[in-house]
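Below is final-v8.cif, which holds mmCIF, C-alpha atoms and all ligand atoms.
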data_work
#
loop_
_atom_site.label_atom_id
_atom_site.label_comp_id
_atom_site.auth_asym_id
_atom_site.auth_seq_id
_atom_site.Cartn_x
_atom_site.Cartn_y
_atom_site.Cartn_z
CA MET A 57 14.01 52.20 -161.57
CA THR A 58 12.13 55.51 -161.21
CA ALA A 59 12.84 57.33 -157.93
CA SER A 60 9.77 58.16 -155.86
CA ALA A 61 9.42 61.32 -153.84
CA HIS A 62 6.54 62.70 -151.81
CA VAL A 63 6.68 66.51 -151.83
CA LEU A 64 4.93 68.92 -149.48
CA GLY A 65 4.09 72.24 -151.15
CA PHE A 66 3.01 75.47 -149.50
CA ALA A 67 2.55 79.06 -150.59
CA GLY A 68 3.62 82.27 -148.87
CA SER A 69 0.34 83.96 -149.78
CA LEU A 70 -3.06 83.40 -148.21
CA ARG A 71 -5.21 85.15 -150.78
CA LYS A 72 -7.73 83.14 -152.76
CA GLY A 73 -6.55 84.42 -156.14
CA SER A 74 -2.85 84.07 -155.28
CA PHE A 75 -0.54 83.58 -158.27
CA ASN A 76 1.80 81.62 -156.01
CA LYS A 77 -0.93 79.19 -154.99
CA ALA A 78 -1.63 78.89 -158.71
CA LEU A 79 2.04 77.96 -159.31
CA LEU A 80 1.59 75.03 -156.90
CA ARG A 81 -1.52 73.92 -158.79
CA ALA A 82 0.48 74.10 -162.02
CA ALA A 83 3.26 72.03 -160.43
CA ALA A 84 0.69 69.36 -159.58
CA GLU A 85 -0.02 69.07 -163.32
CA LEU A 86 3.66 68.83 -164.22
CA LEU A 87 5.04 66.25 -161.78
CA PRO A 88 7.70 63.89 -163.04
CA GLU A 89 7.06 60.16 -162.82
CA GLY A 90 7.29 58.90 -159.24
CA MET A 91 6.65 62.29 -157.60
CA THR A 92 3.53 63.12 -155.60
CA LEU A 93 2.60 66.60 -154.33
CA GLU A 94 0.53 67.41 -151.26
CA ILE A 95 -0.43 71.06 -150.75
CA PHE A 96 -0.58 72.48 -147.22
CA ASP A 97 -2.52 75.68 -146.45
CA LEU A 98 -0.66 77.97 -144.03
CA ALA A 99 -3.79 80.03 -143.19
CA PRO A 100 -4.63 78.31 -139.85
CA ILE A 101 -1.10 78.73 -138.43
CA PRO A 102 -1.13 81.34 -135.63
CA MET A 103 1.57 83.93 -135.02
CA TYR A 104 4.57 82.42 -133.27
CA ASN A 105 4.54 82.92 -129.54
CA ALA A 106 6.97 81.08 -127.27
CA ASP A 107 4.42 81.20 -124.42
CA VAL A 108 1.93 79.33 -126.61
CA GLN A 109 4.61 76.85 -127.63
CA GLU A 110 5.35 76.14 -123.97
CA GLN A 111 1.78 74.88 -123.63
CA GLY A 112 2.32 72.61 -126.65
CA PHE A 113 2.28 73.21 -130.40
CA PRO A 114 -1.17 74.32 -131.65
CA PRO A 115 -2.93 71.63 -133.77
CA SER A 116 -2.28 73.41 -137.09
CA VAL A 117 1.42 73.72 -136.26
CA ARG A 118 1.61 70.10 -135.17
CA SER A 119 0.03 69.05 -138.42
CA PHE A 120 2.41 71.24 -140.46
CA ARG A 121 5.44 69.78 -138.68
CA GLU A 122 4.15 66.23 -139.15
CA ARG A 123 3.51 66.75 -142.86
CA ILE A 124 7.03 68.20 -143.30
CA ALA A 125 8.54 65.23 -141.46
CA ALA A 126 6.59 62.81 -143.66
CA ALA A 127 7.69 64.50 -146.90
CA ASP A 128 10.83 63.62 -148.82
CA ALA A 129 11.13 67.21 -150.05
CA LEU A 130 9.44 70.61 -149.94
CA LEU A 131 8.23 72.95 -152.70
CA ILE A 132 7.69 76.57 -151.64
CA ALA A 133 5.93 79.10 -153.88
CA THR A 134 6.14 82.56 -152.46
CA PRO A 135 5.63 86.20 -153.34
CA GLU A 136 8.26 88.79 -152.52
CA TYR A 137 7.13 91.34 -149.95
CA ASN A 138 9.30 94.43 -149.60
CA TYR A 139 12.34 92.64 -151.04
CA SER A 140 11.95 89.76 -148.59
CA ILE A 141 9.55 86.91 -147.80
CA PRO A 142 6.01 87.43 -146.45
CA GLY A 143 5.51 87.19 -142.70
CA VAL A 144 3.08 84.32 -143.27
CA LEU A 145 5.85 82.15 -144.70
CA LYS A 146 8.54 83.19 -142.22
CA ASN A 147 6.14 82.61 -139.34
CA ALA A 148 5.32 79.08 -140.51
CA ILE A 149 9.01 78.26 -140.97
CA ASP A 150 9.74 79.68 -137.49
CA TRP A 151 7.15 77.36 -135.92
CA ALA A 152 8.52 74.37 -137.85
CA SER A 153 12.08 75.17 -136.78
CA ARG A 154 11.53 74.90 -133.04
CA PRO A 155 12.92 71.97 -131.03
CA PRO A 156 12.68 69.26 -129.87
CA ASP A 157 12.61 67.58 -133.27
CA GLN A 158 13.78 69.44 -136.39
CA PRO A 159 11.62 68.40 -139.34
CA LEU A 160 13.26 70.96 -141.63
CA PHE A 161 16.84 69.82 -140.93
CA GLY A 162 18.44 68.33 -144.03
CA LYS A 163 15.21 68.61 -146.05
CA PRO A 164 15.57 69.10 -149.82
CA VAL A 165 13.58 72.12 -150.98
CA ALA A 166 12.77 73.90 -154.24
CA ILE A 167 11.50 77.48 -154.61
CA MET A 168 9.20 79.17 -157.11
CA GLY A 169 7.84 82.69 -157.02
CA ALA A 170 5.41 84.90 -158.90
CA SER A 171 5.24 88.67 -158.72
CA ASP A 172 3.15 91.23 -160.53
CA GLY A 173 6.38 93.21 -160.97
CA PRO A 174 9.27 92.78 -163.41
CA ARG A 175 11.76 90.86 -161.24
CA GLY A 176 9.69 87.82 -160.36
CA THR A 177 10.61 87.53 -156.64
CA ALA A 178 14.40 87.38 -157.21
CA ARG A 179 15.16 89.27 -154.00
CA GLY A 180 12.56 87.39 -151.97
CA GLN A 181 14.01 84.06 -153.07
CA LEU A 182 17.48 85.16 -152.01
CA ALA A 183 16.10 86.12 -148.58
CA LEU A 184 14.48 82.69 -148.30
CA ARG A 185 17.75 80.97 -149.17
CA LEU A 186 19.37 82.79 -146.24
CA VAL A 187 16.81 81.22 -143.88
CA PHE A 188 17.67 77.78 -145.30
CA VAL A 189 21.30 78.26 -144.23
CA THR A 190 20.62 78.32 -140.50
CA LEU A 191 18.09 75.48 -140.78
CA ASN A 192 20.53 73.29 -142.75
CA MET A 193 17.93 72.83 -145.47
CA LEU A 194 19.12 71.67 -148.88
CA PRO A 195 17.84 73.96 -151.66
CA VAL A 196 17.86 73.15 -155.34
CA GLN A 197 20.00 75.96 -156.80
CA LYS A 198 18.99 75.78 -160.47
CA PRO A 199 16.82 76.29 -162.37
CA GLU A 200 15.29 79.36 -160.76
CA VAL A 201 11.58 79.84 -161.34
CA LEU A 202 11.04 83.61 -161.29
CA VAL A 203 7.64 84.50 -162.69
CA ALA A 204 7.55 88.22 -163.54
CA ASP A 205 4.46 90.14 -164.69
CA ALA A 206 2.28 87.35 -163.31
CA PRO A 207 -1.12 88.74 -164.41
CA ASP A 208 -0.06 88.10 -168.05
CA LYS A 209 0.75 84.44 -167.41
CA PHE A 210 -2.44 83.06 -165.86
CA ASP A 211 -5.96 82.90 -167.21
CA ALA A 212 -9.04 84.20 -165.40
CA SER A 213 -9.50 80.88 -163.57
CA GLY A 214 -5.93 81.05 -162.19
CA ARG A 215 -4.46 78.44 -164.50
CA LEU A 216 -0.86 79.00 -165.59
CA THR A 217 -1.07 79.34 -169.36
CA ASP A 218 2.44 80.55 -170.16
CA GLU A 219 4.19 77.58 -171.80
CA ASN A 220 7.67 78.94 -171.08
CA THR A 221 6.94 79.12 -167.35
CA ARG A 222 5.37 75.65 -167.39
CA GLY A 223 8.60 74.38 -168.93
CA HIS A 224 10.67 76.03 -166.16
CA ILE A 225 8.51 74.41 -163.49
CA ARG A 226 8.85 71.02 -165.15
CA LYS A 227 12.65 71.42 -165.11
CA LEU A 228 12.62 72.52 -161.47
CA LEU A 229 10.59 69.45 -160.49
CA ASP A 230 12.97 67.20 -162.41
CA ALA A 231 15.88 68.83 -160.56
CA LEU A 232 14.10 68.41 -157.21
CA SER A 233 13.49 64.74 -157.96
CA ALA A 234 17.16 64.12 -158.80
CA TRP A 235 18.38 66.20 -155.83
CA THR A 236 16.07 64.42 -153.38
CA GLU A 237 17.42 61.09 -154.55
CA GLN A 238 21.01 62.33 -154.32
CA VAL A 239 20.77 63.59 -150.72
CA ARG A 240 18.29 61.01 -149.41
CA PRO A 241 19.57 59.71 -146.04
CA ARG A 242 20.74 56.14 -146.39
CA GLY A 243 21.20 53.45 -143.80
CA GLY A 244 18.09 54.02 -141.69
CA PRO A 245 16.56 56.79 -139.62
CA ASP A 246 19.75 57.62 -137.69
CA ALA A 247 21.81 58.19 -140.79
CA THR A 248 23.23 61.68 -141.26
CA ILE A 249 22.96 63.62 -144.49
CA PRO A 250 25.96 63.37 -146.84
C1 LIG A 301 3.12 94.03 -148.50
C2 LIG A 301 3.47 93.79 -149.95
C3 LIG A 301 4.75 94.02 -150.37
C4 LIG A 301 5.10 93.76 -151.69
N1 LIG A 301 6.41 93.90 -152.07
C5 LIG A 301 6.80 93.50 -153.30
C6 LIG A 301 8.18 93.46 -153.65
O1 LIG A 301 9.06 93.81 -152.88
N2 LIG A 301 8.51 93.01 -154.88
C7 LIG A 301 7.56 92.60 -155.79
O2 LIG A 301 7.92 92.18 -156.89
N3 LIG A 301 6.25 92.63 -155.49
C8 LIG A 301 5.84 93.06 -154.26
N4 LIG A 301 4.51 93.05 -153.92
C9 LIG A 301 3.50 92.72 -154.96
C10 LIG A 301 3.31 91.22 -155.07
O3 LIG A 301 4.28 90.72 -155.96
C11 LIG A 301 1.93 90.88 -155.61
O4 LIG A 301 0.95 91.38 -154.72
C12 LIG A 301 1.75 89.39 -155.82
O5 LIG A 301 0.64 89.18 -156.62
C13 LIG A 301 1.56 88.67 -154.49
O6 LIG A 301 1.54 87.28 -154.69
P1 LIG A 301 0.18 86.43 -154.68
O7 LIG A 301 -0.49 86.71 -155.99
O8 LIG A 301 0.65 85.02 -154.58
O9 LIG A 301 -0.66 86.85 -153.52
C14 LIG A 301 4.12 93.32 -152.62
C15 LIG A 301 2.81 93.12 -152.18
C16 LIG A 301 2.48 93.33 -150.86
C17 LIG A 301 1.07 93.06 -150.40
#
As structure tokens, please, write out the structure in this file.
Amino acid sequence: MTASAHVLGFAGSLRKGSFNKALLRAAAELLPEGMTLEIFDLAPIPMYNADVQEQGFPPSVRSFRERIAAADALLIATPEYNYSIPGVLKNAIDWASRPPDQPLFGKPVAIMGASDGPRGTARGQLALRLVFVTLNMLPVQKPEVLVADAPDKFDASGRLTDENTRGHIRKLLDALSAWTEQVRPRGGPDATIP
């Protein structure tokens, strides 16, 4: 039987022509059987402020947390900013990490990244993996999707045309599908992760 997995994808870049948003669109074309992908736009999420949180999560944050909770796995496509992750992405993760419930806890997650430089977000992805440690998120380790020299790999409409990169994404999605099935909590909602 084919495993089914609903994946929530989001990008660490807000710009219209973002290569990382384009990676998510490419992933949507390359999904393995049984996988669905929903893309969430981080643009409406405000800057984290504990005083605001005390009054209740803002609607965009509530929606983000609900969509994470409803997903079997996450797919994050992010640029590297100054050897780390963009504030937009860290801010969204910070909001999602706040109690009382912990939608990120034990969530399988895969990472992709595109950069206009030669190292394809390698350092940014490492920084993101560090955040996963404290949140007890469950990252796919391999394959890594590091898209260097991004302007050469997309056409003018923002479609990923590089066949090699499309192959890497396909393999990452296959790995995410298998990993999600492997770590899926069993025995009902109170079950703990293996
Ligand atoms: C504030 C800032 C810092 C950046 N730092 C890095 C970096 O450390 N490494 C890198 O490869 N590219 C860096 N870049 C370039 C990005 O890789 C490039 O802008 C990329 O296209 C952003 O992703 P996007 O197309 O999804 O918006 C930086 C860009 C910005 C705006």
Using all atoms listed in the file, find the one residue out of A:Arg185, A:Arg222, A:Lys77, A:Arg121 that sits nearest to ligand LIG 301 (chain A).
A:Lys77
Which residue, A:Leu87, A:Val108, A:Leu79, A:Ala152, has the smallest gap to A:Ala133 when you use all atoms listed in the file?
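Among A:Leu87, A:Val108, A:Leu79, A:Ala152, it is A:Leu79 that comes nearest to A:Ala133.
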Show me which residues sit within 9 Å of ligand LIG 301 (chain A) when counting only C-alpha atoms and all ligand atoms, and put them as a ChimeraX atom specification.
/A:67-79,133-142,169-180,204-207
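When all atoms listed in the file are used to measure the gap to A:Met168, the shortest distance among A:Val201, A:Phe66, A:Ile149, A:Val189 belongs to A:Val201.
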Residue contacts of A:Glu200 (10 Å, all atoms listed in the file) excluding same-chain residues fewer than 3 positions away, as a PDB file with C-alpha atoms, keeping the file's coordinate frame:
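part-v7.pdb written:
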ATOM      1  CA  ALA A 166      12.770  73.900-154.240  1.00  0.00           C
ATOM      2  CA  ILE A 167      11.500  77.480-154.610  1.00  0.00           C
ATOM      3  CA  MET A 168       9.200  79.170-157.110  1.00  0.00           C
ATOM      4  CA  GLY A 169       7.840  82.690-157.020  1.00  0.00           C
ATOM      5  CA  ALA A 178      14.400  87.380-157.210  1.00  0.00           C
ATOM      6  CA  GLN A 181      14.010  84.060-153.070  1.00  0.00           C
ATOM      7  CA  VAL A 196      17.860  73.150-155.340  1.00  0.00           C
ATOM      8  CA  GLN A 197      20.000  75.960-156.800  1.00  0.00           C
ATOM      9  CA  VAL A 203       7.640  84.500-162.690  1.00  0.00           C
ATOM     10  CA  HIS A 224      10.670  76.030-166.160  1.00  0.00           C
ATOM     11  CA  ILE A 225       8.510  74.410-163.490  1.00  0.00           C
ATOM     12  CA  LYS A 227      12.650  71.420-165.110  1.00  0.00           C
ATOM     13  CA  LEU A 228      12.620  72.520-161.470  1.00  0.00           C
TER      14      LEU A 228
END
List as number ranges by chain the protein and nucleic acid residues near A:Glu237, meaning an atom at most 9 Å away when only C-alpha atoms are counted, but skip any in the same chain fewer than 6 places from it.
A: 59-61
Would you mind exporting the chosen residues as a CSV table (one decimal), in the frame of the given file, restricted to C-alpha atoms?
chain,number,residue,atom,x,y,z
A,59,ALA,CA,12.8,57.3,-157.9
A,60,SER,CA,9.8,58.2,-155.9
A,61,ALA,CA,9.4,61.3,-153.8
Between A:Asp150, A:Glu110, A:Asp157, A:Asp230, which residue has the minimum interatomic distance to A:Ala125, considering all atoms listed in the file?
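Among the listed residues, the smallest separation from A:Ala125 belongs to A:Asp157.
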Residues of stretch 135-198 of chain A at most 7 Å from stretch 101-106 of chain A: nearest atom pair and distance in Å, all atoms listed in the file, as CSV:
residue,atom,partner,partner_atom,distance
A:Asn147,CA,A:Tyr104,CA,6.3
A:Ala148,CA,A:Ile101,CA,6.8
A:Trp151,CA,A:Tyr104,CA,6.3
Distance query A:Thr217 at most 10 Å, all atoms listed in the file, self and fewer than 5 positions along chain excluded, as a list in words:
Ala82, Asp208, Lys209, Phe210, Asp211 and Arg222 of chain A
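Relative to atom CA of A:Leu202, atom CA of A:Ser119 is found at 29.3 Å.
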Of the listed residues A:Ile132, A:Ala126, A:Ala234, A:Asp107, that which approaches A:Leu80 most closely, counting all atoms listed in the file:
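Among the listed residues, the smallest separation from A:Leu80 belongs to A:Ile132.
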Distance in Å - atom CA of A:Gly214 versus atom CA of A:Glu89
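Separating atom CA of A:Gly214 from atom CA of A:Glu89 is a distance of 24.6 Å.
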Between A:Pro241, A:Val63, A:Leu194, A:Pro199, which one has atoms that come closest to A:Ala129, using all atoms listed in the file?
A:Val63
What is the distance, in Å and to one decimal place, between atom CA of A:Ala84 and atom CA of A:Arg242?
27.4 Å
